[in-house]
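> Once you've had a glance at the structure underneath, I'll fire off some questions.
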Amino acid sequence: MTLQTALKSQYHAALAMLQDAIEACPADLWVSDRYANQFWRVVYHTLYYTDLYLQPSESAFTPWEHHRPGLHRLEAAAGATDPVVPYSREDLRGYCRRCGDRVDALVDRLDLSAPDSGFSWYSMPKLEHQFVNLRHLQHHTGQLADRLRQVAGRGVDWVGGRSAR
């Protein structure tokens, strides 16, 4: 197994788990103000940065066609005073599928031996940056799974890799 194959497998598994969280989220939790960041906002943040950091560099990134500036930043939500129209579950299902559909080609395009991440705010080699990206994706998926367990009594199914569930 190559490093690229392992990364692809883990991205697919993590995105499948996030997709499960999206599917399992009750409508009231999707937009609940009970948490500092609404469920939909954490999903969008997670997908946006997963998509961004699968690129060779910031300049190579083209945001999702439905991107609305600022909604990817969680800290912006905390101090916001203007009402924000949430992304729909269907919108973010589609974005999650789009990310999954592009993983293989994007990972194949990366130079995993590059000495820098391609992002000025991350001072690390490209390979390590991919591990950071996977940890970020899984961190927020775990956060959402915990909310689901608390509110709906259901977690997120574990996916070990592309071929193992």
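Chains: A, B, ... in order of the structure tokens. Residues: from 1 per chain. Ligands: from 1, in order shown.
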Using only C-alpha atoms, which residues sit within 8 Å of region 4-17 of chain A once same-chain residues fewer than 5 positions away are excluded, as a list in words?
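Residues meeting the cut-off are Cys96, Cys99, Gly100, Val103, Asp104, Val107, Asp108, Leu134, Leu137, Gln138, Thr141, Val156, Asp157, Trp158, Val159, Gly160, Gly161, Arg162 and Ser163 of chain A.
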> Based on the selection just made, write N, CA, C and O atoms of those residues as a tab-separated table (two decimals), in the first residue's frame.

chain	number	residue	atom	x	y	z
A	96	CYS	N	-20.23	17.57	0.89
A	96	CYS	CA	-19.49	16.42	1.41
A	96	CYS	C	-19.25	15.39	0.30
A	96	CYS	O	-18.14	14.86	0.17
A	99	CYS	N	-16.51	16.71	-1.99
A	99	CYS	CA	-15.18	16.51	-1.41
A	99	CYS	C	-14.74	15.06	-1.58
A	99	CYS	O	-13.60	14.79	-2.00
A	100	GLY	N	-15.63	14.12	-1.27
A	100	GLY	CA	-15.30	12.71	-1.40
A	100	GLY	C	-14.99	12.31	-2.83
A	100	GLY	O	-14.06	11.53	-3.09
A	103	VAL	N	-11.35	13.48	-3.67
A	103	VAL	CA	-10.21	13.09	-2.82
A	103	VAL	C	-9.11	12.40	-3.61
A	103	VAL	O	-7.94	12.78	-3.52
A	104	ASP	N	-9.44	11.39	-4.37
A	104	ASP	CA	-8.39	10.61	-5.05
A	104	ASP	C	-7.54	11.49	-5.96
A	104	ASP	O	-6.31	11.45	-5.89
A	107	VAL	N	-5.41	14.06	-3.80
A	107	VAL	CA	-4.27	13.45	-3.10
A	107	VAL	C	-3.20	13.07	-4.11
A	107	VAL	O	-2.00	13.30	-3.87
A	108	ASP	N	-3.59	12.54	-5.27
A	108	ASP	CA	-2.60	12.18	-6.30
A	108	ASP	C	-1.83	13.41	-6.79
A	108	ASP	O	-0.68	13.29	-7.21
A	134	LEU	N	-6.52	15.65	8.26
A	134	LEU	CA	-7.33	14.50	8.67
A	134	LEU	C	-7.73	14.60	10.14
A	134	LEU	O	-8.88	14.30	10.51
A	137	LEU	N	-10.57	17.17	10.39
A	137	LEU	CA	-11.81	16.56	9.90
A	137	LEU	C	-12.40	15.63	10.95
A	137	LEU	O	-13.59	15.69	11.27
A	138	GLN	N	-11.58	14.80	11.53
A	138	GLN	CA	-12.06	13.83	12.52
A	138	GLN	C	-12.40	14.50	13.85
A	138	GLN	O	-13.34	14.09	14.53
A	141	THR	N	-15.83	15.97	13.35
A	141	THR	CA	-16.80	14.88	13.21
A	141	THR	C	-17.09	14.27	14.58
A	141	THR	O	-18.25	13.98	14.91
A	156	VAL	N	-22.24	8.30	15.63
A	156	VAL	CA	-21.87	8.17	14.23
A	156	VAL	C	-21.20	6.83	14.06
A	156	VAL	O	-20.35	6.45	14.87
A	157	ASP	N	-21.56	6.11	13.02
A	157	ASP	CA	-20.95	4.80	12.77
A	157	ASP	C	-19.47	4.95	12.44
A	157	ASP	O	-19.07	5.86	11.70
A	158	TRP	N	-18.66	4.04	12.99
A	158	TRP	CA	-17.23	4.03	12.74
A	158	TRP	C	-16.97	3.48	11.35
A	158	TRP	O	-17.54	2.48	10.94
A	159	VAL	N	-16.07	4.14	10.62
A	159	VAL	CA	-15.60	3.66	9.33
A	159	VAL	C	-14.08	3.59	9.43
A	159	VAL	O	-13.43	4.61	9.66
A	160	GLY	N	-13.53	2.40	9.31
A	160	GLY	CA	-12.09	2.23	9.49
A	160	GLY	C	-11.26	2.61	8.29
A	160	GLY	O	-10.14	3.07	8.42
A	161	GLY	N	-11.78	2.44	7.12
A	161	GLY	CA	-11.08	2.75	5.90
A	161	GLY	C	-12.00	2.52	4.73
A	161	GLY	O	-13.15	2.13	4.90
A	162	ARG	N	-11.50	2.73	3.55
A	162	ARG	CA	-12.34	2.64	2.36
A	162	ARG	C	-13.02	1.28	2.26
A	162	ARG	O	-14.18	1.18	1.92
A	163	SER	N	-12.29	0.21	2.57
A	163	SER	CA	-12.86	-1.12	2.39
A	163	SER	C	-13.35	-1.75	3.70
A	163	SER	O	-13.88	-2.85	3.68
> Let's see if you can do this: from backbone DSSP, list all alpha helix (DSSP H) residues in region 54-119 of chain A, as a list in words.
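Of region 54-119 of chain A, only Leu74, Glu75, Ala76, Ala77, Ala78, Arg89, Glu90, Asp91, Leu92, Arg93, Gly94, Tyr95, Cys96, Arg97, Arg98, Cys99, Gly100, Asp101, Arg102, Val103, Asp104, Ala105, Leu106, Val107, Asp108 and Arg109 of chain A fall in alpha helix (DSSP H).
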> Choose the residue, out of A:Arg89, A:Lys126, A:His140, A:Arg149, that has the smallest atom-to-atom separation from Leu47 (chain A); count only C-alpha atoms.
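For Leu47 (chain A), the nearest of the candidates is A:His140.
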> Let me make sure I understand: among A:Ser117, A:Ala36, A:Gly153, A:Leu74, which one has the smallest atom-to-atom distance to Leu52 (chain A) if we use only C-alpha atoms?
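Ranked by minimum distance to Leu52 (chain A), first place goes to A:Ser117.
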> In Å to one decimal, how far is CA of Gln38 (chain A) from CA of Leu54 (chain A)?
24.6 Å
> If we count only C-alpha atoms and set the cut-off at 9 Å, which residues sit around region 30-33 of chain A, ignoring sequence neighbours fewer than 5 positions away in its own chain? Please answer as an MDAnalysis selection string.
chainID A and resid 22 25 38:41 86 88:89
> CA of Val132 (chain A) and CA of Tyr87 (chain A) are how many Å apart?
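It comes out at 25.6 Å.
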